[in-house]
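Trainee: First the structure, then my questions, so here it is.
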Amino acid sequence: MEIPVIDFSKLNGEDRAKTMAQIANACQEWGFFQLVNHGIPVELLERVRKVSSEFYKGEREKNFNKSKEVDLLDESSEKLENVDWEDVITLLDDNEWPSKTPGFHETMKEYRFELKKLAEKVMQVMDENLGLPKGYIRKALNDGDGDNAFFGTKVSHYPPCPHPERVKGLRAHTDAGGVILLFQDDKVGGLQVLKDGEWIDVQPLPNTIVINTGDQIEVLSNGRYKSAWHRVLSPVHGIRRSIASFYNPSLKATIAPAPQLVEKTNQQVEQTYPKFVFGDYMSVYVQQKFLPKEPRFQAVRAV
């Protein structure tokens, strides 16, 4: 069993209906799929790969080797339940970026620009498949017609671990936000998604973009597109690169199931998910990220 691999370019040809159906099925049955021919230039992906590797080697590796994760693993023979074997920074439009690695800033800025466009194309496909007006999901995440959504890029590296059986690269969780776009390592695996009670490898494939749906897509779709549990195993050999970009709602955005997807029975509205402000949801999520997700929806303050 493998997660779906979909040729995104076929949306523009005679196979459009088939490709739309493949994406709909992937969203409904998996919450994860890989895109090939997604429109991001291979040359840009190669530069991203290069500058990310140089950045980790030049600016991060030495500090990770002195980190609390390394110390904890050395000091204890027990499983480490509350840490991740991960080096990570987050890139936003308005925060401080690494400056020592040549080409990092220019390359990652260009990459983020292209990824954001791809995210919005994927959301339009979801709109159409769900029978929603064009632009519905984008508008919901942006809290209107503007450009207010949160778009962050998490640059992670998972170094070789001497005891991978005792610590996860990243513990099992669902993602809080909207649409997540991942450029993962094409040699060192480790990402797994939970499907029908079984952990399935997200196979490393060159130059693909992995898409997964977050908790807010689950709410907006009224549960048709579930956010999927996933985790990262610590690598034994090699450094695993993982660059995940998150198209999330504005903290002020009000999130609720799309009215078109809510069934009415005897004039009573079916209310599986509450209506809430995303910032309130995030306050709950940061405390409960690695716990079951259903209580998060119920704990958030309804609008």
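Each chain in the structure tokens gets a letter, A, B and so on, in the order shown; residues start at 1 in every chain, and ligands are counted from 1 in the order they appear.
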So that each row is one residue of region 53-154 of chain A with an atom at most 10 Å from region 202-218 of chain A, can you give its shortest atom pair and the distance in Å to one decimal, using only C-alpha atoms, rows by chain and rising number, as a Markdown table?
Mentor:
| residue | atom | partner | partner_atom | distance |
| --- | --- | --- | --- | --- |
| A:Leu115 | CA | A:Ile209 | CA | 9.3 |
| A:Leu118 | CA | A:Ile209 | CA | 9.8 |
| A:Ala119 | CA | A:Ile211 | CA | 8.8 |
| A:Val122 | CA | A:Ile211 | CA | 8.8 |
| A:Met123 | CA | A:Ile217 | CA | 9.6 |
| A:Met126 | CA | A:Ile217 | CA | 9.5 |
| A:Ile137 | CA | A:Ile217 | CA | 8.1 |
| A:Ala140 | CA | A:Gln216 | CA | 9.7 |
| A:Leu141 | CA | A:Gln216 | CA | 8.6 |
Trainee: Can I get the selection written as a PDB file, in the first residue's frame, with N, CA, C and O atoms?
Mentor:
ATOM      1  N   LEU A 115       5.610  28.017  -4.056  1.00  0.00           N
ATOM      2  CA  LEU A 115       4.811  27.072  -3.254  1.00  0.00           C
ATOM      3  C   LEU A 115       3.456  27.661  -2.881  1.00  0.00           C
ATOM      4  O   LEU A 115       2.447  26.952  -2.857  1.00  0.00           O
ATOM      5  N   LEU A 118       1.192  27.271  -5.760  1.00  0.00           N
ATOM      6  CA  LEU A 118       0.758  25.884  -5.884  1.00  0.00           C
ATOM      7  C   LEU A 118      -0.307  25.550  -4.847  1.00  0.00           C
ATOM      8  O   LEU A 118      -1.297  24.868  -5.152  1.00  0.00           O
ATOM      9  N   ALA A 119      -0.119  26.039  -3.624  1.00  0.00           N
ATOM     10  CA  ALA A 119      -1.115  25.788  -2.571  1.00  0.00           C
ATOM     11  C   ALA A 119      -2.483  26.293  -2.987  1.00  0.00           C
ATOM     12  O   ALA A 119      -3.506  25.619  -2.782  1.00  0.00           O
ATOM     13  N   VAL A 122      -4.065  24.026  -5.533  1.00  0.00           N
ATOM     14  CA  VAL A 122      -4.583  22.812  -4.890  1.00  0.00           C
ATOM     15  C   VAL A 122      -5.908  23.111  -4.195  1.00  0.00           C
ATOM     16  O   VAL A 122      -6.863  22.318  -4.267  1.00  0.00           O
ATOM     17  N   MET A 123      -6.000  24.274  -3.550  1.00  0.00           N
ATOM     18  CA  MET A 123      -7.249  24.642  -2.872  1.00  0.00           C
ATOM     19  C   MET A 123      -8.393  24.823  -3.866  1.00  0.00           C
ATOM     20  O   MET A 123      -9.536  24.464  -3.576  1.00  0.00           O
ATOM     21  N   MET A 126      -9.707  21.479  -4.609  1.00  0.00           N
ATOM     22  CA  MET A 126     -10.540  21.025  -3.488  1.00  0.00           C
ATOM     23  C   MET A 126     -11.908  21.694  -3.535  1.00  0.00           C
ATOM     24  O   MET A 126     -12.938  21.042  -3.317  1.00  0.00           O
ATOM     25  N   ILE A 137     -12.146  28.109  -0.192  1.00  0.00           N
ATOM     26  CA  ILE A 137     -11.203  27.735   0.879  1.00  0.00           C
ATOM     27  C   ILE A 137     -10.161  28.836   1.067  1.00  0.00           C
ATOM     28  O   ILE A 137      -9.834  29.199   2.202  1.00  0.00           O
ATOM     29  N   ALA A 140     -11.704  31.583   3.037  1.00  0.00           N
ATOM     30  CA  ALA A 140     -11.889  31.202   4.445  1.00  0.00           C
ATOM     31  C   ALA A 140     -10.584  31.310   5.217  1.00  0.00           C
ATOM     32  O   ALA A 140     -10.557  31.819   6.353  1.00  0.00           O
ATOM     33  N   LEU A 141      -9.484  30.854   4.620  1.00  0.00           N
ATOM     34  CA  LEU A 141      -8.202  30.885   5.321  1.00  0.00           C
ATOM     35  C   LEU A 141      -7.636  32.296   5.437  1.00  0.00           C
ATOM     36  O   LEU A 141      -6.908  32.611   6.379  1.00  0.00           O
TER      37      LEU A 141
END
Trainee: Among the residues of region 129-207 of chain A, find those DSSP assigns to alpha helix (DSSP H) from the backbone and print them as a list in words.
Mentor: Asn129, Leu130, Tyr136, Ile137, Arg138, Lys139, Ala140, Leu141 and Asn142 of chain A
Trainee: Using only C-alpha atoms, which protein or nucleic acid residues come within 9 Å of Glu81 (chain A)? Drop anything in the same chain fewer than 6 positions from it, and give the result as a list in words.
Mentor: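 Surrounding residues, per the criterion: Arg166, Val167, Lys168 and Arg171 of chain A.
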Trainee: Residues at most 7 Å from Val5 (chain A), counting only C-alpha atoms, excluding those fewer than 5 positions away in the same chain, as a list of chain:residue names?
Mentor: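 Near neighbours after the sequence-gap exclusion: A:Phe33, A:Gln34, A:Leu35.
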Trainee: For the atom pair CA of Pro162 (chain A) and CA of Asp84 (chain A), what is the interatomic distance in Å to one decimal place?
Mentor: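 These two atoms are separated by 13.8 Å.
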Trainee: Near Thr107 (chain A), within 10 Å and counting only C-alpha atoms, which residues show up once chain neighbours fewer than 5 positions away are dropped, as a VMD selection string?
Mentor: chain A and resid 44 to 45 47 to 52 102 112
Trainee: Please produce a file of the residues just selected, as a tab-separated table (two decimals), in the first residue's frame, where the atoms kept are C-alpha atoms.
Mentor:
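Final output, out05.tsv:
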chain	number	residue	atom	x	y	z
A	44	LEU	CA	14.70	25.64	-8.33
A	45	LEU	CA	14.20	22.44	-6.32
A	47	ARG	CA	18.91	24.92	-5.58
A	48	VAL	CA	16.64	24.50	-2.54
A	49	ARG	CA	18.21	21.11	-1.90
A	50	LYS	CA	21.71	22.57	-2.18
A	51	VAL	CA	21.29	25.66	0.01
A	52	SER	CA	19.37	23.70	2.67
A	102	PRO	CA	25.26	31.96	0.12
A	112	ARG	CA	8.09	30.13	-1.03
Trainee: Fewer than 5 positions away in the same chain doesn't count, so skip those; otherwise give me all residues within 10 Å of Asp127 (chain A), counting only C-alpha atoms, as a list in words.
Mentor: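 Once the adjacent positions are removed, what remains is Lys121, Val122, Leu132, Pro133, Lys134, Gly135, Tyr136, Ile137, Arg138 and Ser221 of chain A.
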Trainee: Write the residues of the preceding selection, restricted to N, CA, C and O atoms, as a PDB file, in the first residue's frame.
Mentor:
ATOM      1  N   LYS A 121      -3.603  26.745  -6.022  1.00  0.00           N
ATOM      2  CA  LYS A 121      -4.139  25.890  -7.092  1.00  0.00           C
ATOM      3  C   LYS A 121      -4.750  24.616  -6.513  1.00  0.00           C
ATOM      4  O   LYS A 121      -5.816  24.164  -6.949  1.00  0.00           O
ATOM      5  N   VAL A 122      -4.065  24.026  -5.533  1.00  0.00           N
ATOM      6  CA  VAL A 122      -4.583  22.812  -4.890  1.00  0.00           C
ATOM      7  C   VAL A 122      -5.908  23.111  -4.195  1.00  0.00           C
ATOM      8  O   VAL A 122      -6.863  22.318  -4.267  1.00  0.00           O
ATOM      9  N   LEU A 132     -17.853  23.524  -3.897  1.00  0.00           N
ATOM     10  CA  LEU A 132     -17.847  24.859  -3.295  1.00  0.00           C
ATOM     11  C   LEU A 132     -17.539  25.908  -4.354  1.00  0.00           C
ATOM     12  O   LEU A 132     -16.917  25.609  -5.378  1.00  0.00           O
ATOM     13  N   PRO A 133     -17.945  27.159  -4.129  1.00  0.00           N
ATOM     14  CA  PRO A 133     -17.605  28.225  -5.086  1.00  0.00           C
ATOM     15  C   PRO A 133     -16.085  28.345  -5.229  1.00  0.00           C
ATOM     16  O   PRO A 133     -15.337  28.130  -4.271  1.00  0.00           O
ATOM     17  N   LYS A 134     -15.640  28.704  -6.423  1.00  0.00           N
ATOM     18  CA  LYS A 134     -14.213  28.878  -6.662  1.00  0.00           C
ATOM     19  C   LYS A 134     -13.643  29.923  -5.703  1.00  0.00           C
ATOM     20  O   LYS A 134     -14.205  31.013  -5.549  1.00  0.00           O
ATOM     21  N   GLY A 135     -12.544  29.587  -5.037  1.00  0.00           N
ATOM     22  CA  GLY A 135     -11.918  30.505  -4.097  1.00  0.00           C
ATOM     23  C   GLY A 135     -12.446  30.412  -2.683  1.00  0.00           C
ATOM     24  O   GLY A 135     -12.007  31.166  -1.802  1.00  0.00           O
ATOM     25  N   TYR A 136     -13.376  29.488  -2.428  1.00  0.00           N
ATOM     26  CA  TYR A 136     -14.001  29.421  -1.097  1.00  0.00           C
ATOM     27  C   TYR A 136     -12.967  29.138  -0.001  1.00  0.00           C
ATOM     28  O   TYR A 136     -12.940  29.831   1.027  1.00  0.00           O
ATOM     29  N   ILE A 137     -12.146  28.109  -0.192  1.00  0.00           N
ATOM     30  CA  ILE A 137     -11.203  27.735   0.879  1.00  0.00           C
ATOM     31  C   ILE A 137     -10.161  28.836   1.067  1.00  0.00           C
ATOM     32  O   ILE A 137      -9.834  29.199   2.202  1.00  0.00           O
ATOM     33  N   ARG A 138      -9.663  29.384  -0.032  1.00  0.00           N
ATOM     34  CA  ARG A 138      -8.689  30.473   0.098  1.00  0.00           C
ATOM     35  C   ARG A 138      -9.279  31.643   0.881  1.00  0.00           C
ATOM     36  O   ARG A 138      -8.637  32.204   1.764  1.00  0.00           O
ATOM     37  N   SER A 221     -14.449  21.186   5.260  1.00  0.00           N
ATOM     38  CA  SER A 221     -15.090  20.156   4.431  1.00  0.00           C
ATOM     39  C   SER A 221     -16.121  19.355   5.209  1.00  0.00           C
ATOM     40  O   SER A 221     -16.687  18.390   4.689  1.00  0.00           O
TER      41      SER A 221
END
Trainee: Write out as number ranges by chain each polymer residue whose atoms come within 12 Å of Gln22 (chain A), counting only C-alpha atoms; drop sequence neighbours fewer than 6 positions from it.
Mentor: A: 3-8, 10-11, 15-16, 28-30, 32-35, 125-126, 129
Trainee: Please report the interatomic distance between CA of Asp280 (chain A) and CA of Val155 (chain A) in Å with one decimal.
Mentor: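 CA of Val155 (chain A) lies 25.7 Å from CA of Asp280 (chain A).
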Trainee: Considering only C-alpha atoms, can you say which of A:Ile89, A:Ala176, A:Ile40, A:Val286 comes closest to Glu114 (chain A)?
Mentor: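 Ranking A:Ile89, A:Ala176, A:Ile40, A:Val286 by distance to Glu114 (chain A), first place goes to A:Ile40.
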Trainee: Considering only C-alpha atoms, state which residue in the set A:Gln260, A:Thr174, A:Ser76, A:Gln124 is at the smallest distance from Gln192 (chain A).
Mentor: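 The shortest atom-to-atom distance to Gln192 (chain A) comes from A:Thr174.
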Trainee: Report, in Å with one decimal, the straight-line distance from CA of Pro160 (chain A) to CA of Phe290 (chain A).
Mentor: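 CA of Phe290 (chain A) lies at a distance of 23.2 Å from CA of Pro160 (chain A).
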Trainee: Mind the document's chain letters and residue numbers, and return as a PyMOL selection string the residues of region 58-240 of chain A that DSSP labels strand (DSSP E).
Mentor: chain A and resi 87-91+150-158+170-173+179-184+191-195+198-201+209-213+230-232+240
Trainee: Can you work out which one of A:Trp85, A:Phe64, A:Phe183, A:Tyr273 has the shortest atom-to-atom distance to Glu46 (chain A), counting only C-alpha atoms?
Mentor: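 Smallest distance to Glu46 (chain A) is found for A:Phe183.
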